[in-house]
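Next up, my_file19.tsv (TSV, C-alpha atoms):
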```tsv
chain	number	residue	atom	x	y	z
A	1	MET	CA	109.49	99.16	113.62
A	2	ILE	CA	108.73	98.27	117.22
A	3	PRO	CA	105.64	99.89	118.78
A	4	LEU	CA	106.20	101.03	122.36
A	5	ARG	CA	102.86	102.61	123.30
A	6	ASP	CA	99.93	104.52	121.89
A	7	ASP	CA	98.29	107.70	123.20
A	8	ILE	CA	94.73	106.40	123.61
A	9	PRO	CA	93.87	105.87	127.29
A	10	ALA	CA	91.86	102.80	128.21
A	11	ARG	CA	88.67	103.75	130.02
A	12	ARG	CA	88.01	100.33	131.50
A	13	VAL	CA	90.27	97.64	132.87
A	14	PRO	CA	91.04	95.48	129.80
A	15	VAL	CA	90.17	92.22	131.53
A	16	VAL	CA	89.98	90.10	128.37
A	17	THR	CA	93.24	91.47	126.96
A	18	TRP	CA	95.02	90.69	130.21
A	19	ALA	CA	93.37	87.26	130.39
A	20	LEU	CA	94.43	86.39	126.84
A	21	ILE	CA	98.01	87.39	127.65
A	22	ALA	CA	97.91	85.30	130.84
A	23	VAL	CA	96.54	82.24	129.04
A	24	ASN	CA	99.15	82.48	126.29
A	25	VAL	CA	101.95	82.77	128.86
A	26	LEU	CA	100.62	79.84	130.90
A	27	VAL	CA	100.29	77.64	127.83
A	28	PHE	CA	103.84	78.50	126.79
A	29	LEU	CA	105.16	77.69	130.27
A	30	TYR	CA	103.36	74.35	129.97
A	31	GLN	CA	105.07	73.78	126.62
A	32	LEU	CA	108.44	74.30	128.31
A	33	THR	CA	107.71	71.45	130.73
A	34	LEU	CA	107.24	68.92	127.92
A	35	PRO	CA	110.03	66.67	126.66
A	36	PRO	CA	110.84	67.14	122.95
A	37	GLY	CA	108.75	64.19	121.76
A	38	GLN	CA	105.63	65.24	123.62
A	39	LEU	CA	106.06	68.86	122.55
A	40	GLU	CA	106.31	67.82	118.90
A	41	LEU	CA	103.15	65.73	119.29
A	42	LEU	CA	101.34	68.67	120.90
A	43	LEU	CA	102.27	70.96	118.01
A	44	TRP	CA	101.13	68.38	115.45
A	45	LEU	CA	97.78	67.79	117.16
A	46	ARG	CA	97.00	71.29	118.44
A	47	GLY	CA	98.85	73.38	115.87
A	48	PHE	CA	97.17	74.03	112.54
A	49	VAL	CA	98.60	71.77	109.80
A	50	PRO	CA	97.01	72.57	106.40
A	51	ALA	CA	97.87	69.20	104.81
A	52	ARG	CA	96.06	67.45	107.62
A	53	TYR	CA	92.79	68.75	106.18
A	54	SER	CA	93.71	69.06	102.51
A	55	HIS	CA	94.92	65.44	102.40
A	56	PRO	CA	93.12	63.59	105.20
A	57	GLU	CA	94.10	60.15	103.83
A	58	ALA	CA	97.79	61.00	104.00
A	59	ALA	CA	97.34	62.41	107.49
A	60	ALA	CA	95.59	59.26	108.65
A	61	SER	CA	98.32	57.03	107.17
A	62	ALA	CA	100.89	59.06	109.14
A	63	GLY	CA	98.96	58.43	112.34
A	64	ILE	CA	97.54	61.96	112.54
A	65	PRO	CA	93.78	62.22	113.08
A	66	PRO	CA	92.36	63.84	109.92
A	67	ASP	CA	89.55	65.57	111.81
A	68	GLY	CA	89.78	68.02	114.69
A	69	TYR	CA	89.18	71.46	113.24
A	70	LEU	CA	89.48	72.74	116.80
A	71	SER	CA	93.16	73.22	116.00
A	72	LEU	CA	92.15	76.43	114.22
A	73	LEU	CA	91.52	77.74	117.74
A	74	THR	CA	94.07	75.86	119.82
A	75	SER	CA	96.92	76.88	117.50
A	76	ILE	CA	96.28	80.52	118.47
A	77	PHE	CA	97.53	79.82	122.00
A	78	LEU	CA	100.75	78.00	121.11
A	79	HIS	CA	104.10	79.70	120.51
A	80	GLY	CA	107.47	78.66	119.17
A	81	GLY	CA	109.76	80.52	121.56
A	82	TRP	CA	110.13	83.39	124.00
A	83	LEU	CA	110.67	86.00	121.28
A	84	HIS	CA	107.60	84.78	119.39
A	85	LEU	CA	105.50	84.97	122.55
A	86	ILE	CA	106.79	88.34	123.76
A	87	ALA	CA	106.39	90.03	120.36
A	88	ASN	CA	102.79	88.88	120.06
A	89	MET	CA	101.79	89.67	123.63
A	90	TRP	CA	103.43	93.10	123.46
A	91	SER	CA	101.34	94.03	120.41
A	92	LEU	CA	98.20	92.71	122.09
A	93	TRP	CA	99.02	94.73	125.21
A	94	ILE	CA	99.41	97.98	123.24
A	95	PHE	CA	96.45	97.73	120.88
A	96	GLY	CA	94.05	95.29	122.52
A	97	ASP	CA	92.82	97.45	125.39
A	98	ASN	CA	91.38	100.16	123.14
A	99	VAL	CA	89.61	97.72	120.84
A	100	GLU	CA	88.24	95.92	123.88
A	101	ASP	CA	86.96	99.30	125.11
A	102	ARG	CA	84.94	99.75	121.93
A	103	MET	CA	83.59	96.20	121.80
A	104	GLY	CA	83.09	95.19	125.39
A	105	ARG	CA	84.62	92.12	126.95
A	106	VAL	CA	82.54	89.27	125.54
A	107	LYS	CA	82.35	90.66	122.01
A	108	PHE	CA	86.08	91.40	122.00
A	109	LEU	CA	86.88	87.81	122.96
A	110	LEU	CA	84.63	86.49	120.19
A	111	PHE	CA	86.15	88.95	117.72
A	112	TYR	CA	89.69	87.87	118.67
A	113	LEU	CA	88.88	84.19	118.15
A	114	VAL	CA	87.02	84.80	114.87
A	115	CYS	CA	90.00	86.74	113.49
A	116	GLY	CA	92.33	83.94	114.57
A	117	VAL	CA	90.21	81.40	112.71
A	118	ALA	CA	90.01	83.63	109.61
A	119	ALA	CA	93.81	83.97	109.67
A	120	GLY	CA	94.19	80.20	109.80
A	121	LEU	CA	91.76	79.68	106.93
A	122	LEU	CA	93.61	82.05	104.60
A	123	HIS	CA	96.89	80.38	105.53
A	124	TRP	CA	95.26	77.04	104.66
A	125	VAL	CA	94.01	78.25	101.28
A	126	THR	CA	97.46	79.58	100.35
A	127	ASN	CA	99.41	76.59	101.74
A	128	LEU	CA	97.21	73.58	101.00
A	129	ASP	CA	100.07	71.07	100.95
A	130	SER	CA	102.03	72.37	103.93
A	131	ASP	CA	102.74	69.79	106.62
A	132	VAL	CA	104.30	72.36	108.95
A	133	PRO	CA	102.30	73.10	112.13
A	134	THR	CA	101.28	76.75	112.22
A	135	ILE	CA	101.16	78.24	115.71
A	136	GLY	CA	100.92	81.66	117.31
A	137	ALA	CA	98.50	84.45	118.18
A	138	SER	CA	99.70	86.81	115.46
A	139	GLY	CA	96.75	86.14	113.14
A	140	ALA	CA	94.23	86.98	115.86
A	141	ILE	CA	96.27	90.02	116.92
A	142	ALA	CA	96.40	91.14	113.27
A	143	GLY	CA	92.62	91.25	113.47
A	144	VAL	CA	92.90	93.55	116.48
A	145	LEU	CA	95.24	95.76	114.44
A	146	GLY	CA	92.73	95.81	111.58
A	147	ALA	CA	90.00	97.03	113.93
A	148	TYR	CA	92.37	99.58	115.51
A	149	PHE	CA	93.22	100.88	112.02
A	150	VAL	CA	89.58	101.86	111.47
A	151	LEU	CA	88.62	102.84	115.02
A	152	PHE	CA	91.66	104.89	116.04
A	153	PRO	CA	93.33	106.23	112.88
A	154	ARG	CA	94.31	109.50	114.56
A	155	ALA	CA	96.05	107.87	117.49
A	156	ARG	CA	99.81	108.21	117.63
A	157	VAL	CA	102.14	105.29	118.19
A	158	LEU	CA	105.52	105.81	119.82
A	159	THR	CA	107.77	103.64	117.66
A	160	LEU	CA	111.34	102.43	118.00
A	161	VAL	CA	113.19	102.25	114.69
A	162	PRO	CA	116.66	100.75	115.18
A	163	ILE	CA	119.15	101.98	112.57
A	164	VAL	CA	122.18	99.67	112.87
A	165	PHE	CA	123.00	100.23	116.57
A	166	ILE	CA	121.26	103.60	116.91
A	167	PRO	CA	117.73	103.51	118.41
A	168	LEU	CA	115.49	106.20	116.93
A	169	PHE	CA	112.11	107.08	118.40
A	170	PHE	CA	109.21	108.51	116.40
A	171	GLU	CA	105.57	109.26	117.12
A	172	ILE	CA	103.78	107.92	114.06
A	173	PRO	CA	100.05	108.27	113.32
A	174	ALA	CA	98.42	104.90	113.82
A	175	VAL	CA	97.04	104.89	110.28
A	176	ILE	CA	100.57	105.28	108.88
A	177	PHE	CA	102.11	102.76	111.25
A	178	LEU	CA	99.52	100.12	110.41
A	179	LEU	CA	99.61	100.82	106.66
A	180	ILE	CA	103.36	100.19	106.73
A	181	TRP	CA	102.86	97.08	108.84
A	182	ILE	CA	100.21	95.48	106.62
A	183	GLY	CA	102.10	96.52	103.49
A	184	LEU	CA	105.11	94.56	104.70
A	185	GLN	CA	102.93	91.54	105.47
A	186	VAL	CA	101.34	91.57	102.00
A	187	ALA	CA	104.72	92.00	100.30
A	188	GLN	CA	106.24	89.10	102.21
A	189	ALA	CA	103.15	86.97	101.57
A	190	TRP	CA	103.32	87.53	97.79
A	191	ILE	CA	107.04	86.82	97.73
A	192	GLY	CA	106.49	83.50	99.48
A	193	LEU	CA	103.26	82.54	97.67
A	194	GLY	CA	103.18	78.82	97.11
A	195	MET	CA	106.24	78.23	99.27
A	196	ASP	CA	106.03	76.16	102.45
A	197	VAL	CA	106.66	78.40	105.45
A	198	GLY	CA	109.12	75.79	106.68
A	199	GLY	CA	109.17	77.02	110.24
A	200	GLY	CA	109.20	80.67	109.21
A	201	VAL	CA	106.43	83.28	109.34
A	202	ALA	CA	102.90	82.57	108.13
A	203	TRP	CA	102.49	85.90	106.36
A	204	TRP	CA	99.13	85.07	104.81
A	205	ALA	CA	97.74	84.41	108.27
A	206	HIS	CA	98.64	87.99	109.19
A	207	VAL	CA	96.94	89.29	106.06
A	208	GLY	CA	93.85	87.17	106.72
A	209	GLY	CA	93.58	88.30	110.33
A	210	PHE	CA	93.99	91.97	109.43
A	211	ALA	CA	91.38	91.72	106.65
A	212	ALA	CA	88.96	90.01	109.02
A	213	GLY	CA	89.47	92.80	111.55
A	214	LEU	CA	88.78	95.44	108.90
A	215	LEU	CA	85.68	93.76	107.56
A	216	LEU	CA	84.09	92.31	110.70
A	217	HIS	CA	84.87	94.74	113.51
A	218	ARG	CA	81.60	96.66	113.16
A	219	ILE	CA	79.59	93.54	113.95
A	220	PHE	CA	81.24	93.38	117.37
A	221	LEU	CA	81.12	97.05	118.37
A	222	ASP	CA	79.35	98.15	121.52
A	223	ARG	CA	77.26	101.02	120.17
A	224	ARG	CA	77.17	102.66	123.59
A	225	ALA	CA	80.96	103.03	123.75
A	226	ALA	CA	82.23	106.27	122.22
A	227	PRO	CA	85.91	106.46	121.24
A	228	ALA	CA	88.32	107.81	123.85
A	229	PRO	CA	90.21	110.97	122.82
A	230	PRO	CA	93.98	110.76	122.36
A	231	ARG	CA	96.04	112.10	125.24
A	232	HIS	CA	97.59	114.83	123.11
A	233	VAL	CA	94.21	116.36	122.21
A	234	ARG	CA	93.50	119.52	124.23
A	235	ARG	CA	90.07	119.79	125.82
A	236	ASP	CA	88.35	122.56	127.73
A	237	GLU	CA	86.85	121.51	131.01
A	238	ARG	CA	83.79	123.18	132.52
```
Do you think you could lay out the structure here as structure tokens?
Amino acid sequence: MIPLRDDIPARRVPVVTWALIAVNVLVFLYQLTLPPGQLELLLWLRGFVPARYSHPEAAASAGIPPDGYLSLLTSIFLHGGWLHLIANMWSLWIFGDNVEDRMGRVKFLLFYLVCGVAAGLLHWVTNLDSDVPTIGASGAIAGVLGAYFVLFPRARVLTLVPIVFIPLFFEIPAVIFLLIWIGLQVAQAWIGLGMDVGGGVAWWAHVGGFAAGLLLHRIFLDRRAAPAPPRHVRRDER
């Protein structure tokens, strides 16, 4: 399922959402300028490597500083390829503006970063011995999806479902779309429990980010911001 748009209009310019997309793109363009050796070093130092903290002695013997928990944040802004980057930024573009509307700019930024850290921590707990750098904004964006799930359950998401070579388009209630999405993440996470991601998808990070969004979003809400009505809802004007 590929989300194309939702039907909730943004009431304010989503400055933070746009800024996060811009920063992620700029960081990725910087990654492309690095020769392979320097890029690998960047991913080791700024990506999140669970074994670096679970086994600090081993990390130090390999020449990797055992400290530096800042990688829980810096890893959120690194990506492994164009498809990885585009998929994440597209989801942030669709769902981020509405959540930013309800939280305000500063609180939304803090919420995004907190969800990214929570995603990394759950990935750490479930992959203590992994020496694979974990990178990407998907854990933080999963937190945005978790907040959207609660705040805009009646929104409708125009979704592309490719069946072999036939593109099918459906308008799916956001609550259904996101239930399917998180269900797939949990299923994949349980299937791979205890297995090194090995350059694949950090499913538990998605689960951790989504759970953080569900549980913590109320702390970050701007109480003065009422939800915007979906576009398809009819209203009488006076």
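Distance annotation: of A:Ala140, A:Val157, A:Ala189, A:Val207, the residue with the minimal separation from Asp6 in chain A is A:Val157; atom set is only C-alpha atoms.
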Between A:Leu29, A:Ala155, A:Ala51, A:Leu72, which one has atoms that come closest to Leu128 in chain A, using all atoms listed in the file?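 Of A:Leu29, A:Ala155, A:Ala51, A:Leu72, the one nearest Leu128 in chain A, counting all atoms listed in the file, is A:Ala51.
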From the list A:Phe28, A:Trp18, A:Phe220, A:Phe77, which residue is nearest Arg46 in chain A when using all atoms listed in the file? A:Phe77
Mind dumping a table of every range 102-137 of chain A residue within 10 Å of range 19-25 of chain A, with the nearest atom pair and its distance in Å to one decimal, using all atoms listed in the file, sorted by chain and rising number, as CSV?
```
residue,atom,partner,partner_atom,distance
A:Leu109,CA,A:Leu20,CA,8.6
A:Tyr112,CA,A:Leu20,CA,9.6
A:Gly136,CA,A:Asn24,CA,9.2
A:Ala137,CA,A:Asn24,CA,8.4
```
Got a sec: who's within 12 Å of Trp90 in chain A, counting all atoms listed in the file, leaving out chain neighbours fewer than 4 positions off, as an MDAnalysis selection string? chainID A and resid 2:5 17:18 20:21 24:25 82:86 94:97 137:138 141
When distances are computed from all atoms listed in the file, which of A:Val186, A:Ile180, A:Gly209, A:Leu158 shows the smallest separation from Asp7 in chain A?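 Selected residue with least distance to Asp7 in chain A: A:Leu158.
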Measuring atom to atom with all atoms listed in the file, identify which of A:Gly139, A:Pro167, A:Pro133, A:Pro14 is nearest to Met103 in chain A.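 Of the candidates, the smallest distance to Met103 in chain A is held by A:Pro14.
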At what distance in Å, to one decimal, does CA of Ser75 in chain A lie from CA of Trp124 in chain A?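 According to the coordinates, CA of Trp124 in chain A and CA of Ser75 in chain A are separated by 12.9 Å.
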Which residue, A:Ser91, A:Phe152, A:Glu57, A:Leu113, has the smallest gap to Pro9 in chain A when you use all atoms listed in the file?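 Smallest distance to Pro9 in chain A is found for A:Phe152.
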